[in-house]
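Source file: coords.cif; contents: mmCIF, C-alpha atoms.
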```
data_run
loop_
_atom_site.label_atom_id
_atom_site.label_comp_id
_atom_site.auth_asym_id
_atom_site.auth_seq_id
_atom_site.Cartn_x
_atom_site.Cartn_y
_atom_site.Cartn_z
CA MET A 1 25.80 -97.07 -17.51
CA SER A 2 27.67 -100.32 -17.55
CA ALA A 3 31.22 -100.19 -16.21
CA ILE A 4 32.03 -103.46 -17.98
CA VAL A 5 31.11 -102.07 -21.40
CA ILE A 6 33.02 -98.85 -20.74
CA ALA A 7 36.12 -100.74 -19.58
CA GLU A 8 35.96 -103.10 -22.56
CA THR A 9 35.66 -100.17 -24.97
CA ILE A 10 38.66 -98.42 -23.44
CA ARG A 11 40.65 -101.68 -23.38
CA ARG A 12 39.87 -102.27 -27.04
CA HIS A 13 41.19 -98.83 -27.96
CA LEU A 14 44.29 -99.01 -25.75
CA SER A 15 45.26 -102.40 -27.20
CA SER A 16 44.85 -101.26 -30.80
CA ALA A 17 48.04 -100.57 -32.74
CA GLY A 18 46.28 -97.85 -34.74
CA TYR A 19 45.18 -96.04 -31.59
CA ILE A 20 48.66 -96.21 -30.08
CA ALA A 21 50.18 -94.93 -33.33
CA ALA A 22 47.69 -92.06 -33.35
CA LEU A 23 48.60 -91.19 -29.74
CA VAL A 24 52.29 -91.09 -30.65
CA LEU A 25 51.55 -88.93 -33.70
CA ILE A 26 49.47 -86.54 -31.59
CA ALA A 27 52.24 -86.32 -28.97
CA PHE A 28 54.92 -85.57 -31.56
CA THR A 29 52.65 -83.03 -33.23
CA GLY A 30 52.07 -81.33 -29.87
CA LEU A 31 55.82 -81.16 -29.28
CA PHE A 32 56.38 -79.73 -32.75
CA ALA A 33 53.55 -77.22 -32.42
CA SER A 34 54.91 -75.95 -29.12
CA GLY A 35 57.44 -73.94 -31.12
CA PHE A 36 54.70 -71.85 -32.68
CA ALA A 37 53.35 -68.69 -31.12
CA ARG A 38 49.71 -69.78 -31.48
CA PRO A 39 48.85 -72.47 -28.93
CA GLY A 40 46.96 -75.55 -30.00
CA SER A 41 47.61 -75.00 -33.66
CA MET A 42 48.06 -78.57 -34.91
CA TRP A 43 47.18 -81.40 -32.53
CA PRO A 44 43.45 -80.54 -32.09
CA SER A 45 42.78 -81.31 -35.75
CA LEU A 46 44.38 -84.74 -35.33
CA VAL A 47 42.21 -85.36 -32.28
CA GLY A 48 39.20 -84.33 -34.37
CA LEU A 49 40.15 -86.85 -37.03
CA MET A 50 40.55 -89.53 -34.37
CA THR A 51 37.13 -88.60 -33.00
CA ILE A 52 35.49 -89.14 -36.37
CA ILE A 53 37.26 -92.45 -36.96
CA THR A 54 36.56 -93.90 -33.52
CA GLY A 55 33.06 -92.43 -33.31
CA ALA A 56 32.05 -93.96 -36.62
CA ALA A 57 32.93 -97.44 -35.39
CA ILE A 58 31.08 -97.47 -32.07
CA ILE A 59 28.98 -100.54 -32.78
CA GLY A 60 30.51 -101.53 -36.12
CA PRO A 61 32.72 -104.40 -34.93
CA GLU A 62 29.94 -106.02 -32.89
CA PHE A 63 27.41 -105.56 -35.69
CA SER A 64 29.59 -107.11 -38.39
CA THR A 65 30.64 -110.13 -36.30
CA GLY A 66 27.18 -110.82 -34.94
CA ALA A 67 28.23 -110.21 -31.35
CA LEU A 68 25.78 -107.34 -30.98
CA GLN A 69 22.85 -109.75 -30.81
CA LEU A 70 24.56 -111.62 -27.96
CA ILE A 71 25.31 -108.40 -26.09
CA VAL A 72 21.79 -107.03 -26.46
CA SER A 73 20.25 -110.35 -25.44
CA ARG A 74 21.84 -110.03 -21.99
CA PRO A 75 20.01 -108.16 -19.26
CA ILE A 76 21.31 -104.77 -20.33
CA ARG A 77 19.14 -102.14 -21.90
CA ARG A 78 20.03 -100.98 -25.37
CA SER A 79 20.20 -97.38 -24.25
CA THR A 80 22.57 -98.32 -21.42
CA TYR A 81 24.79 -100.21 -23.84
CA LEU A 82 24.92 -97.32 -26.31
CA LEU A 83 25.55 -94.72 -23.62
CA SER A 84 28.31 -96.88 -22.16
CA ARG A 85 29.95 -97.28 -25.56
CA VAL A 86 29.80 -93.51 -26.17
CA THR A 87 31.36 -92.93 -22.74
CA GLY A 88 34.16 -95.41 -23.45
CA VAL A 89 34.96 -93.90 -26.84
CA PHE A 90 34.85 -90.40 -25.37
CA ALA A 91 37.27 -91.47 -22.61
CA SER A 92 39.65 -92.79 -25.26
CA VAL A 93 39.44 -89.54 -27.25
CA ALA A 94 39.87 -87.52 -24.04
CA LEU A 95 43.09 -89.45 -23.39
CA ALA A 96 44.33 -88.44 -26.84
CA THR A 97 43.38 -84.82 -26.13
CA VAL A 98 45.25 -84.86 -22.83
CA THR A 99 48.26 -86.40 -24.63
CA GLY A 100 48.35 -83.57 -27.18
CA LEU A 101 47.92 -80.91 -24.51
CA ALA A 102 50.60 -82.43 -22.26
CA ALA A 103 53.05 -82.70 -25.15
CA GLU A 104 52.53 -79.07 -26.10
CA ILE A 105 52.92 -77.92 -22.50
CA ALA A 106 56.09 -80.01 -22.12
CA GLY A 107 57.50 -78.58 -25.34
CA ARG A 108 56.76 -75.03 -24.25
CA LEU A 109 58.39 -75.66 -20.86
CA VAL A 110 61.51 -77.12 -22.48
CA ARG A 111 61.75 -74.21 -24.91
CA ALA A 112 61.18 -71.76 -22.02
CA ARG A 113 58.37 -70.07 -23.91
CA ALA A 114 55.53 -68.16 -22.33
CA MET A 115 52.72 -70.44 -21.26
CA PRO A 116 49.36 -69.25 -22.65
CA TRP A 117 47.21 -71.13 -20.14
CA SER A 118 43.89 -69.53 -21.07
CA GLU A 119 44.31 -70.27 -24.79
CA LEU A 120 45.39 -73.84 -24.11
CA ALA A 121 42.43 -74.35 -21.77
CA THR A 122 40.07 -72.96 -24.41
CA VAL A 123 41.47 -75.25 -27.09
CA PHE A 124 41.35 -78.25 -24.73
CA GLY A 125 37.78 -77.61 -23.58
CA GLY A 126 36.56 -76.85 -27.08
CA ARG A 127 38.08 -80.04 -28.46
CA LEU A 128 36.51 -82.13 -25.69
CA ALA A 129 33.08 -80.59 -26.22
CA THR A 130 33.30 -80.98 -29.99
CA SER A 131 34.45 -84.58 -29.62
CA LEU A 132 31.55 -85.48 -27.36
CA LEU A 133 29.04 -83.96 -29.78
CA VAL A 134 30.59 -85.68 -32.81
CA ILE A 135 30.66 -89.08 -31.08
CA ALA A 136 27.06 -88.71 -29.97
CA MET A 137 25.92 -87.68 -33.45
CA LEU A 138 27.82 -90.51 -35.15
CA THR A 139 26.23 -92.99 -32.77
CA PHE A 140 22.78 -92.13 -33.97
#
```

Full structure transcribed into structure tokens:
Amino acid sequence: MSAIVIAETIRRHLSSAGYIAALVLIAFTGLFASGFARPGSMWPSLVGLMTIITGAAIIGPEFSTGALQLIVSRPIRRSTYLLSRVTGVFASVALATVTGLAAEIAGRLVRARAMPWSELATVFGGRLATSLLVIAMLTF
């Protein structure tokens, strides 16, 4: 994998206004959902939507601007480039998943509710696994 491609992918997401707005929405949704008895009831679906949106545009910007030909002409294998892009997008989606989980945990701590750690861990792990599979499938 190429650390430069991964870092550039993460930087592109973190500097995007849409990504930041989605993170804020996921955080507020996690805080709101912490009042419900069922853990992980709302924010995982928003993370799933973010996964589809970001996964569908893995090579789109480079392809439409013509930069993909310049990137692939460098001494980097195509498979390495694609795997690095998938890793960068997955890291960005994992950050959104951690944001939703942290917001729900914070909300539950503030409300002094019981902390269902096993259910939250199941929701978190399931969302990460689903996100990785969706990103990989949308890449191909």

Practice problem: Evaluate the PyMOL selection byres ((chain A and resi 92-108) around 8) and record the selected residues as a count of residues only, following the chain and residue labels used in the document. | Solution: 36

| said: Tell me which residues come within 10 Å of (22.7, -104.1, -16.0), as number ranges by chain, counting all atoms listed in the file in the file's coordinates. | reply: A: 1-4, 74-77, 80-81

re atom CA of Gly55 of chain A and atom CA of Ala121 of chain A: distance 23.4 Å

Worksheet entry | Atomic distance atom CA of Val24 of chain A - atom CA of Leu82 of chain A, expressed in Å with one decimal |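 Atom-to-atom, atom CA of Val24 of chain A and atom CA of Leu82 of chain A are spaced 28.4 Å apart.
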
The residue from A:Ile52, A:Ile58, A:Ile20, A:Arg12 with the smallest atom-to-atom distance to Leu83 of chain A, counting all atoms listed in the file, is A:Ile58

note - atom CA of Thr139 of chain A and atom CA of Ala7 of chain A are separated by 18.2 Å

Which one of A:Thr9, A:Pro116, A:Leu132, A:Leu138 sits closest to Phe36 of chain A if you count all atoms listed in the file?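 Among the listed residues, A:Pro116 lies closest to Phe36 of chain A.
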
For a quick check of understanding, using all atoms listed in the file, which of A:Ala56, A:Met42, A:Val5, A:Ala136 has the smallest distance to Leu25 of chain A?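 Closest to Leu25 of chain A of all the choices is A:Met42.
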
task = Compile the contact shell of Ile6 of chain A as a list of chain:residue names: residues with an atom at most 8 Å away, counting all atoms listed in the file, same-chain residues fewer than 5 positions apart removed.
result =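 So, after excluding close chain neighbours, the residues are A:Ser84, A:Arg85, A:Thr87, A:Gly88.
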